[in-house]
file structure_33.pdb (PDB, C-alpha atoms)
ATOM      1  CA  MET A1201      34.317 -44.974 -27.357
ATOM      2  CA  ILE A1202      37.028 -47.526 -26.687
ATOM      3  CA  VAL A1203      38.215 -49.019 -23.432
ATOM      4  CA  ARG A1204      41.914 -49.774 -23.290
ATOM      5  CA  ASP A1205      44.724 -50.214 -20.817
ATOM      6  CA  ALA A1206      45.892 -46.937 -19.339
ATOM      7  CA  ALA A1207      49.333 -45.855 -20.530
ATOM      8  CA  ALA A1208      51.960 -43.413 -19.327
ATOM      9  CA  ASP A1209      50.708 -40.889 -21.911
ATOM     10  CA  ASP A1210      47.328 -40.885 -20.129
ATOM     11  CA  VAL A1211      48.726 -39.718 -16.780
ATOM     12  CA  PRO A1212      48.002 -35.993 -17.325
ATOM     13  CA  ASP A1213      44.365 -36.843 -18.121
ATOM     14  CA  LEU A1214      44.122 -39.209 -15.149
ATOM     15  CA  ALA A1215      45.503 -36.504 -12.870
ATOM     16  CA  ALA A1216      43.118 -33.876 -14.250
ATOM     17  CA  ILE A1217      40.027 -36.090 -13.910
ATOM     18  CA  TYR A1218      40.915 -37.344 -10.447
ATOM     19  CA  GLY A1219      42.047 -33.892  -9.345
ATOM     20  CA  HIS A1220      38.643 -32.494 -10.278
ATOM     21  CA  HIS A1221      36.930 -35.100  -8.091
ATOM     22  CA  ALA A1222      39.358 -34.533  -5.225
ATOM     23  CA  VAL A1223      38.692 -30.786  -5.215
ATOM     24  CA  HIS A1224      34.986 -30.699  -6.107
ATOM     25  CA  GLY A1225      33.453 -34.072  -5.296
ATOM     26  CA  LEU A1226      32.802 -36.541  -2.524
ATOM     27  CA  GLY A1227      33.613 -39.718  -4.460
ATOM     28  CA  THR A1228      37.121 -39.598  -3.046
ATOM     29  CA  PHE A1229      38.055 -38.383   0.387
ATOM     30  CA  GLU A1230      41.315 -36.919  -0.901
ATOM     31  CA  GLU A1231      41.024 -33.152  -0.728
ATOM     32  CA  ALA A1232      43.999 -32.007  -2.798
ATOM     33  CA  PRO A1233      44.683 -33.069  -6.367
ATOM     34  CA  PRO A1234      47.707 -35.351  -6.603
ATOM     35  CA  GLU A1235      50.600 -34.399  -8.836
ATOM     36  CA  ALA A1236      50.979 -36.208 -12.155
ATOM     37  CA  ALA A1237      54.022 -38.055 -10.778
ATOM     38  CA  ASP A1238      51.897 -39.436  -7.956
ATOM     39  CA  MET A1239      49.217 -40.575 -10.417
ATOM     40  CA  ALA A1240      51.929 -42.244 -12.501
ATOM     41  CA  ALA A1241      53.134 -44.115  -9.412
ATOM     42  CA  ARG A1242      49.568 -45.205  -8.602
ATOM     43  CA  LEU A1243      49.086 -46.471 -12.147
ATOM     44  CA  ALA A1244      52.391 -48.343 -12.008
ATOM     45  CA  ALA A1245      51.527 -49.944  -8.644
ATOM     46  CA  VAL A1246      48.210 -51.289  -9.933
ATOM     47  CA  ARG A1247      49.758 -52.549 -13.168
ATOM     48  CA  ALA A1248      52.704 -54.157 -11.309
ATOM     49  CA  ARG A1249      50.179 -56.355  -9.505
ATOM     50  CA  GLY A1250      48.681 -57.460 -12.821
ATOM     51  CA  LEU A1251      45.395 -55.724 -12.109
ATOM     52  CA  PRO A1252      43.387 -53.759 -14.670
ATOM     53  CA  TYR A1253      43.730 -49.988 -14.935
ATOM     54  CA  LEU A1254      41.641 -48.849 -17.889
ATOM     55  CA  VAL A1255      40.660 -45.671 -19.676
ATOM     56  CA  ALA A1256      37.667 -44.904 -21.865
ATOM     57  CA  ALA A1257      38.674 -42.679 -24.755
ATOM     58  CA  ASP A1258      37.055 -41.174 -27.798
ATOM     59  CA  GLU A1259      37.854 -38.411 -30.272
ATOM     60  CA  ASP A1260      37.665 -35.889 -27.417
ATOM     61  CA  GLY A1261      40.294 -37.712 -25.343
ATOM     62  CA  VAL A1262      40.105 -39.643 -22.081
ATOM     63  CA  ALA A1263      36.523 -39.582 -20.793
ATOM     64  CA  GLY A1264      37.132 -41.609 -17.657
ATOM     65  CA  PHE A1265      39.134 -44.312 -15.975
ATOM     66  CA  ALA A1266      38.595 -47.302 -13.725
ATOM     67  CA  TYR A1267      40.811 -49.794 -11.999
ATOM     68  CA  ALA A1268      40.975 -52.549  -9.404
ATOM     69  CA  SER A1269      43.408 -52.451  -6.512
ATOM     70  CA  PRO A1270      44.052 -54.777  -3.590
ATOM     71  CA  PHE A1271      41.320 -54.424  -0.989
ATOM     72  CA  ARG A1272      43.800 -54.828   1.863
ATOM     73  CA  LEU A1273      47.488 -55.746   1.907
ATOM     74  CA  ARG A1274      47.247 -58.882   4.024
ATOM     75  CA  ALA A1275      47.512 -62.335   2.449
ATOM     76  CA  ALA A1276      44.020 -63.435   3.460
ATOM     77  CA  TYR A1277      42.541 -60.703   1.243
ATOM     78  CA  ARG A1278      44.414 -61.841  -1.883
ATOM     79  CA  TYR A1279      41.225 -62.785  -3.761
ATOM     80  CA  THR A1280      39.434 -59.509  -3.035
ATOM     81  CA  VAL A1281      39.860 -56.206  -4.856
ATOM     82  CA  GLU A1282      38.342 -52.758  -4.590
ATOM     83  CA  ASP A1283      37.204 -50.903  -7.681
ATOM     84  CA  SER A1284      37.516 -47.206  -8.452
ATOM     85  CA  VAL A1285      35.774 -45.306 -11.254
ATOM     86  CA  TYR A1286      36.194 -41.617 -12.182
ATOM     87  CA  ILE A1287      34.543 -39.827 -15.081
ATOM     88  CA  ALA A1288      35.698 -36.568 -16.677
ATOM     89  CA  PRO A1289      33.727 -33.419 -15.815
ATOM     90  CA  GLY A1290      30.777 -33.019 -18.138
ATOM     91  CA  ARG A1291      30.828 -36.692 -19.191
ATOM     92  CA  ALA A1292      28.816 -38.277 -16.350
ATOM     93  CA  GLY A1293      25.552 -40.008 -17.225
ATOM     94  CA  GLN A1294      26.721 -41.167 -20.662
ATOM     95  CA  GLY A1295      27.334 -44.834 -19.736
ATOM     96  CA  ILE A1296      31.111 -44.417 -19.613
ATOM     97  CA  GLY A1297      31.391 -45.657 -16.036
ATOM     98  CA  LYS A1298      29.357 -48.773 -16.803
ATOM     99  CA  PHE A1299      31.447 -49.455 -19.893
ATOM    100  CA  LEU A1300      34.650 -49.175 -17.843
ATOM    101  CA  LEU A1301      33.552 -51.020 -14.724
ATOM    102  CA  ALA A1302      32.097 -53.932 -16.711
ATOM    103  CA  GLU A1303      35.507 -54.454 -18.301
ATOM    104  CA  VAL A1304      37.318 -54.171 -14.946
ATOM    105  CA  ILE A1305      34.968 -56.843 -13.567
ATOM    106  CA  ALA A1306      35.551 -59.128 -16.561
ATOM    107  CA  ARG A1307      39.322 -58.811 -16.261
ATOM    108  CA  CYS A1308      39.239 -59.465 -12.519
ATOM    109  CA  GLU A1309      37.168 -62.578 -13.088
ATOM    110  CA  ALA A1310      39.704 -63.741 -15.678
ATOM    111  CA  LEU A1311      42.362 -63.416 -12.960
ATOM    112  CA  GLY A1312      40.423 -65.775 -10.685
ATOM    113  CA  LEU A1313      39.453 -63.133  -8.122
ATOM    114  CA  ARG A1314      36.430 -63.857  -5.905
ATOM    115  CA  GLN A1315      35.109 -60.585  -4.468
ATOM    116  CA  MET A1316      35.011 -56.950  -5.542
ATOM    117  CA  ILE A1317      34.332 -54.193  -3.047
ATOM    118  CA  ALA A1318      33.043 -50.715  -3.852
ATOM    119  CA  ILE A1319      33.357 -48.020  -1.224
ATOM    120  CA  VAL A1320      31.277 -45.135  -2.514
ATOM    121  CA  GLY A1321      31.878 -41.721  -1.029
ATOM    122  CA  ASP A1322      28.617 -40.012  -0.011
ATOM    123  CA  SER A1323      25.370 -41.915   0.530
ATOM    124  CA  GLY A1324      23.753 -39.307  -1.747
ATOM    125  CA  ASN A1325      25.953 -40.357  -4.692
ATOM    126  CA  ALA A1326      23.068 -41.877  -6.657
ATOM    127  CA  GLY A1327      25.125 -42.126  -9.854
ATOM    128  CA  SER A1328      27.848 -44.320  -8.397
ATOM    129  CA  ILE A1329      25.477 -46.378  -6.255
ATOM    130  CA  GLY A1330      23.233 -46.959  -9.292
ATOM    131  CA  LEU A1331      26.215 -47.860 -11.472
ATOM    132  CA  HIS A1332      27.381 -50.487  -9.019
ATOM    133  CA  ARG A1333      23.865 -51.896  -8.516
ATOM    134  CA  SER A1334      23.429 -52.177 -12.294
ATOM    135  CA  LEU A1335      26.527 -54.384 -12.432
ATOM    136  CA  GLY A1336      25.489 -56.752  -9.659
ATOM    137  CA  PHE A1337      26.858 -55.104  -6.525
ATOM    138  CA  ASP A1338      24.802 -55.490  -3.359
ATOM    139  CA  LEU A1339      24.556 -52.888  -0.636
ATOM    140  CA  LYS A1340      26.304 -54.157   2.498
ATOM    141  CA  SER A1341      26.237 -51.124   4.757
ATOM    142  CA  VAL A1342      26.260 -47.383   5.078
ATOM    143  CA  MET A1343      28.833 -46.017   7.462
ATOM    144  CA  PRO A1344      27.598 -42.605   8.544
ATOM    145  CA  ALA A1345      29.842 -39.583   8.978
ATOM    146  CA  VAL A1346      33.221 -41.320   8.574
ATOM    147  CA  GLY A1347      34.662 -38.518   6.439
ATOM    148  CA  PHE A1348      34.651 -34.752   6.695
ATOM    149  CA  LYS A1349      34.936 -32.856   3.425
ATOM    150  CA  HIS A1350      33.603 -29.581   2.041
ATOM    151  CA  GLY A1351      32.542 -28.508   5.520
ATOM    152  CA  ARG A1352      30.281 -31.468   6.205
ATOM    153  CA  TRP A1353      30.267 -35.039   7.445
ATOM    154  CA  VAL A1354      30.178 -37.604   4.648
ATOM    155  CA  ASP A1355      28.990 -41.208   4.702
ATOM    156  CA  ILE A1356      30.457 -44.105   2.784
ATOM    157  CA  VAL A1357      28.395 -46.795   1.127
ATOM    158  CA  TRP A1358      29.897 -50.277   1.185
ATOM    159  CA  MET A1359      28.894 -52.504  -1.748
ATOM    160  CA  GLN A1360      30.118 -55.931  -2.796
ATOM    161  CA  ARG A1361      29.983 -58.141  -5.887
ATOM    162  CA  THR A1362      30.822 -61.816  -6.050
ATOM    163  CA  LEU A1363      33.233 -62.882  -8.783
ATOM    164  CA  ASN A1364      33.706 -66.450 -10.032
ATOM    165  CA  GLY A1365      31.207 -67.928  -7.595
ATOM    166  CA  GLY A1366      32.751 -66.181  -4.605
ATOM    167  CA  SER A1367      32.896 -68.504  -1.621
ATOM    168  CA  ASP A1368      30.986 -71.362  -3.300
ATOM    169  CA  ALA A1369      34.278 -73.163  -3.989
ATOM    170  CA  LEU A1370      37.883 -72.929  -2.938
ATOM    171  CA  PRO A1371      40.119 -70.712  -5.072
ATOM    172  CA  ASP A1372      42.912 -72.015  -7.251
ATOM    173  CA  ALA A1373      45.570 -73.428  -4.956
ATOM    174  CA  ALA A1374      48.275 -71.398  -6.711
ATOM    175  CA  GLY A1375      46.648 -68.210  -5.480
ATOM    176  CA  LEU A1376      47.321 -64.676  -6.505
ATOM    177  CA  ASP A1377      50.039 -62.434  -5.233
ATOM    178  CA  LEU A1378      48.401 -59.021  -5.161
ATOM    179  CA  ILE A1379      50.276 -58.009  -2.040
ATOM    180  CA  GLY A1380      53.825 -59.145  -2.783
ATOM    181  CA  VAL A1381      54.750 -56.389  -5.187
TER     182      VAL A1381
END

call {"tool": "encode", "arguments": {"input": "structure_33.pdb", "output": "structure tokens"}}
result
Amino acid sequence: MIVRDAAADDVPDLAAIYGHHAVHGLGTFEEAPPEAADMAARLAAVRARGLPYLVAADEDGVAGFAYASPFRLRAAYRYTVEDSVYIAPGRAGQGIGKFLLAEVIARCEALGLRQMIAIVGDSGNAGSIGLHRSLGFDLKSVMPAVGFKHGRWVDIVWMQRTLNGGSDALPDAAGLDLIGV
């Protein structure tokens, strides 16, 4: 298994993996699978900001992907990102998500970022909650019934991980421009 930067050739796999989760899962609150062109635009937007968008691949192809995106598009949030992790059907529980997210965290720290937020769809999503806990995320809150999908109300679980000492020191004065692209 290798982790590498996602490329344009990966877009069909990204769309298929994410589309599966949109249609069948609660990890995303999107209900319809996005077209490949939309996934390509999402990939390009993350990469244009200099943030990591990674895939895990082996001899069977792309097994999952993970990326960091701006948490919010206001300047005050410029040191905070949100992570996303999606694993191919049939590949969950093999450590792929941990492999991917650990590298996303490392790359975000190298960029000088200070906080990473995880918003996990479904408080019953033990796999994603456990993944984030295993990599140092703390539970901040559960927001009950903020989504409605598959005929039921769905919670979100808010988790957070400090990067580079978080608020223990001021960030680099040059700052990051995650919102200006």

call {"tool": "resolve_selection", "arguments": {"input": "structure_33.pdb", "expression": "the PyMOL selection byres ((chain A and resi 1351-1353) around 12)", "output": "PyMOL selection string"}}
result
chain A and resi 1226+1229+1231+1321-1323+1343-1350+1354-1356

call {"tool": "write_last_selection", "arguments": {"input": "structure_33.pdb", "atoms": "C-alpha atoms", "output": "mmCIF file, in the coordinates of the input"}}
result
data_model
loop_
_atom_site.group_PDB
_atom_site.id
_atom_site.type_symbol
_atom_site.label_atom_id
_atom_site.label_comp_id
_atom_site.auth_asym_id
_atom_site.auth_seq_id
_atom_site.Cartn_x
_atom_site.Cartn_y
_atom_site.Cartn_z
ATOM 1 C CA LEU A 1226 32.802 -36.541 -2.524
ATOM 2 C CA PHE A 1229 38.055 -38.383 0.387
ATOM 3 C CA GLU A 1231 41.024 -33.152 -0.728
ATOM 4 C CA GLY A 1321 31.878 -41.721 -1.029
ATOM 5 C CA ASP A 1322 28.617 -40.012 -0.011
ATOM 6 C CA SER A 1323 25.370 -41.915 0.530
ATOM 7 C CA MET A 1343 28.833 -46.017 7.462
ATOM 8 C CA PRO A 1344 27.598 -42.605 8.544
ATOM 9 C CA ALA A 1345 29.842 -39.583 8.978
ATOM 10 C CA VAL A 1346 33.221 -41.320 8.574
ATOM 11 C CA GLY A 1347 34.662 -38.518 6.439
ATOM 12 C CA PHE A 1348 34.651 -34.752 6.695
ATOM 13 C CA LYS A 1349 34.936 -32.856 3.425
ATOM 14 C CA HIS A 1350 33.603 -29.581 2.041
ATOM 15 C CA VAL A 1354 30.178 -37.604 4.648
ATOM 16 C CA ASP A 1355 28.990 -41.208 4.702
ATOM 17 C CA ILE A 1356 30.457 -44.105 2.784
#

call {"tool": "residues_around", "arguments": {"input": "structure_33.pdb", "residues": "stretch 1209-1222 of chain A", "least_positions_apart": "5", "cutoff": "7 Å", "atoms": "all atoms listed in the file", "output": "ChimeraX atom specification"}}
result
/A:1227-1236,1239-1240,1262,1286-1288

call {"tool": "residues_around", "arguments": {"input": "structure_33.pdb", "residues": "A:Gly1312", "least_positions_apart": "6", "cutoff": "10 Å", "atoms": "all atoms listed in the file", "output": "ChimeraX atom specification"}}
result
/A:1279-1280,1363-1366,1371-1372,1375-1376

call {"tool": "atom_distance", "arguments": {"input": "structure_33.pdb", "atom1": "atom CA of A:Lys1340", "atom2": "atom CA of A:Arg1242"}}
result
27.3 Å

call {"tool": "residues_around", "arguments": {"input": "structure_33.pdb", "residues": "stretch 1201-1206 of chain A", "least_positions_apart": "6", "cutoff": "12 Å", "atoms": "all atoms listed in the file", "output": "ChimeraX atom specification"}}
result
/A:1212-1214,1239-1240,1242-1244,1246-1247,1250-1267,1294-1304,1307

call {"tool": "decode", "arguments": {"input": "structure_33.pdb", "residues": "stretch 1210-1240 of chain A", "atoms": "N, CA and C atoms", "output": "PDB file, in the first residue's frame"}}
result
ATOM      1  N   ASP A1210      -7.000   9.687 -10.971  1.00  0.00           N
ATOM      2  CA  ASP A1210      -7.692   9.055  -9.854  1.00  0.00           C
ATOM      3  C   ASP A1210      -9.152   9.481  -9.733  1.00  0.00           C
ATOM      4  N   VAL A1211      -9.552  10.514 -10.450  1.00  0.00           N
ATOM      5  CA  VAL A1211     -10.891  11.085 -10.279  1.00  0.00           C
ATOM      6  C   VAL A1211     -12.007  10.051 -10.421  1.00  0.00           C
ATOM      7  N   PRO A1212     -11.983   9.160 -11.406  1.00  0.00           N
ATOM      8  CA  PRO A1212     -13.062   8.156 -11.465  1.00  0.00           C
ATOM      9  C   PRO A1212     -13.152   7.299 -10.194  1.00  0.00           C
ATOM     10  N   ASP A1213     -12.003   6.936  -9.628  1.00  0.00           N
ATOM     11  CA  ASP A1213     -12.005   6.159  -8.387  1.00  0.00           C
ATOM     12  C   ASP A1213     -12.513   6.993  -7.217  1.00  0.00           C
ATOM     13  N   LEU A1214     -12.089   8.252  -7.145  1.00  0.00           N
ATOM     14  CA  LEU A1214     -12.561   9.142  -6.088  1.00  0.00           C
ATOM     15  C   LEU A1214     -14.080   9.276  -6.159  1.00  0.00           C
ATOM     16  N   ALA A1215     -14.585   9.483  -7.362  1.00  0.00           N
ATOM     17  CA  ALA A1215     -16.032   9.631  -7.546  1.00  0.00           C
ATOM     18  C   ALA A1215     -16.776   8.357  -7.165  1.00  0.00           C
ATOM     19  N   ALA A1216     -16.230   7.205  -7.517  1.00  0.00           N
ATOM     20  CA  ALA A1216     -16.892   5.939  -7.198  1.00  0.00           C
ATOM     21  C   ALA A1216     -16.914   5.691  -5.687  1.00  0.00           C
ATOM     22  N   ILE A1217     -15.787   5.929  -5.025  1.00  0.00           N
ATOM     23  CA  ILE A1217     -15.714   5.714  -3.574  1.00  0.00           C
ATOM     24  C   ILE A1217     -16.637   6.680  -2.854  1.00  0.00           C
ATOM     25  N   TYR A1218     -16.521   7.960  -3.181  1.00  0.00           N
ATOM     26  CA  TYR A1218     -17.355   8.956  -2.505  1.00  0.00           C
ATOM     27  C   TYR A1218     -18.833   8.749  -2.839  1.00  0.00           C
ATOM     28  N   GLY A1219     -19.106   8.429  -4.086  1.00  0.00           N
ATOM     29  CA  GLY A1219     -20.487   8.183  -4.506  1.00  0.00           C
ATOM     30  C   GLY A1219     -21.123   7.055  -3.715  1.00  0.00           C
ATOM     31  N   HIS A1220     -20.355   6.013  -3.453  1.00  0.00           N
ATOM     32  CA  HIS A1220     -20.862   4.906  -2.627  1.00  0.00           C
ATOM     33  C   HIS A1220     -21.276   5.420  -1.249  1.00  0.00           C
ATOM     34  N   HIS A1221     -20.421   6.232  -0.639  1.00  0.00           N
ATOM     35  CA  HIS A1221     -20.722   6.753   0.701  1.00  0.00           C
ATOM     36  C   HIS A1221     -21.890   7.728   0.671  1.00  0.00           C
ATOM     37  N   ALA A1222     -22.003   8.507  -0.393  1.00  0.00           N
ATOM     38  CA  ALA A1222     -23.129   9.436  -0.498  1.00  0.00           C
ATOM     39  C   ALA A1222     -24.458   8.682  -0.572  1.00  0.00           C
ATOM     40  N   VAL A1223     -24.485   7.608  -1.329  1.00  0.00           N
ATOM     41  CA  VAL A1223     -25.719   6.848  -1.538  1.00  0.00           C
ATOM     42  C   VAL A1223     -26.028   5.911  -0.374  1.00  0.00           C
ATOM     43  N   HIS A1224     -25.005   5.270   0.190  1.00  0.00           N
ATOM     44  CA  HIS A1224     -25.235   4.201   1.164  1.00  0.00           C
ATOM     45  C   HIS A1224     -24.880   4.543   2.603  1.00  0.00           C
ATOM     46  N   GLY A1225     -24.077   5.556   2.824  1.00  0.00           N
ATOM     47  CA  GLY A1225     -23.563   5.809   4.165  1.00  0.00           C
ATOM     48  C   GLY A1225     -24.081   7.076   4.811  1.00  0.00           C
ATOM     49  N   LEU A1226     -23.567   7.314   6.010  1.00  0.00           N
ATOM     50  CA  LEU A1226     -23.913   8.509   6.771  1.00  0.00           C
ATOM     51  C   LEU A1226     -22.688   9.368   7.050  1.00  0.00           C
ATOM     52  N   GLY A1227     -21.536   8.970   6.542  1.00  0.00           N
ATOM     53  CA  GLY A1227     -20.306   9.727   6.742  1.00  0.00           C
ATOM     54  C   GLY A1227     -20.312  11.063   6.030  1.00  0.00           C
ATOM     55  N   THR A1228     -21.088  11.173   4.983  1.00  0.00           N
ATOM     56  CA  THR A1228     -21.318  12.442   4.307  1.00  0.00           C
ATOM     57  C   THR A1228     -22.817  12.677   4.280  1.00  0.00           C
ATOM     58  N   PHE A1229     -23.199  13.918   4.340  1.00  0.00           N
ATOM     59  CA  PHE A1229     -24.625  14.230   4.277  1.00  0.00           C
ATOM     60  C   PHE A1229     -25.069  14.528   2.846  1.00  0.00           C
ATOM     61  N   GLU A1230     -24.163  14.401   1.884  1.00  0.00           N
ATOM     62  CA  GLU A1230     -24.593  14.447   0.485  1.00  0.00           C
ATOM     63  C   GLU A1230     -25.391  13.179   0.230  1.00  0.00           C
ATOM     64  N   GLU A1231     -26.441  13.304  -0.568  1.00  0.00           N
ATOM     65  CA  GLU A1231     -27.304  12.152  -0.815  1.00  0.00           C
ATOM     66  C   GLU A1231     -27.191  11.600  -2.230  1.00  0.00           C
ATOM     67  N   ALA A1232     -26.660  12.390  -3.134  1.00  0.00           N
ATOM     68  CA  ALA A1232     -26.493  11.946  -4.523  1.00  0.00           C
ATOM     69  C   ALA A1232     -25.008  11.938  -4.859  1.00  0.00           C
ATOM     70  N   PRO A1233     -24.568  10.938  -5.589  1.00  0.00           N
ATOM     71  CA  PRO A1233     -23.146  10.896  -5.945  1.00  0.00           C
ATOM     72  C   PRO A1233     -22.789  12.021  -6.914  1.00  0.00           C
ATOM     73  N   PRO A1234     -21.729  12.754  -6.641  1.00  0.00           N
ATOM     74  CA  PRO A1234     -21.326  13.808  -7.562  1.00  0.00           C
ATOM     75  C   PRO A1234     -20.738  13.222  -8.847  1.00  0.00           C
ATOM     76  N   GLU A1235     -20.868  13.964  -9.901  1.00  0.00           N
ATOM     77  CA  GLU A1235     -20.266  13.576 -11.180  1.00  0.00           C
ATOM     78  C   GLU A1235     -18.737  13.642 -11.073  1.00  0.00           C
ATOM     79  N   ALA A1236     -18.063  12.931 -11.936  1.00  0.00           N
ATOM     80  CA  ALA A1236     -16.598  12.943 -11.941  1.00  0.00           C
ATOM     81  C   ALA A1236     -16.060  14.363 -12.128  1.00  0.00           C
ATOM     82  N   ALA A1237     -16.715  15.165 -12.953  1.00  0.00           N
ATOM     83  CA  ALA A1237     -16.251  16.540 -13.167  1.00  0.00           C
ATOM     84  C   ALA A1237     -16.306  17.348 -11.877  1.00  0.00           C
ATOM     85  N   ASP A1238     -17.321  17.107 -11.065  1.00  0.00           N
ATOM     86  CA  ASP A1238     -17.425  17.797  -9.786  1.00  0.00           C
ATOM     87  C   ASP A1238     -16.309  17.335  -8.844  1.00  0.00           C
ATOM     88  N   MET A1239     -16.024  16.049  -8.818  1.00  0.00           N
ATOM     89  CA  MET A1239     -14.929  15.545  -7.987  1.00  0.00           C
ATOM     90  C   MET A1239     -13.589  16.108  -8.454  1.00  0.00           C
ATOM     91  N   ALA A1240     -13.422  16.255  -9.757  1.00  0.00           N
ATOM     92  CA  ALA A1240     -12.190  16.851 -10.284  1.00  0.00           C
ATOM     93  C   ALA A1240     -12.058  18.298  -9.818  1.00  0.00           C
TER      94      ALA A1240
END
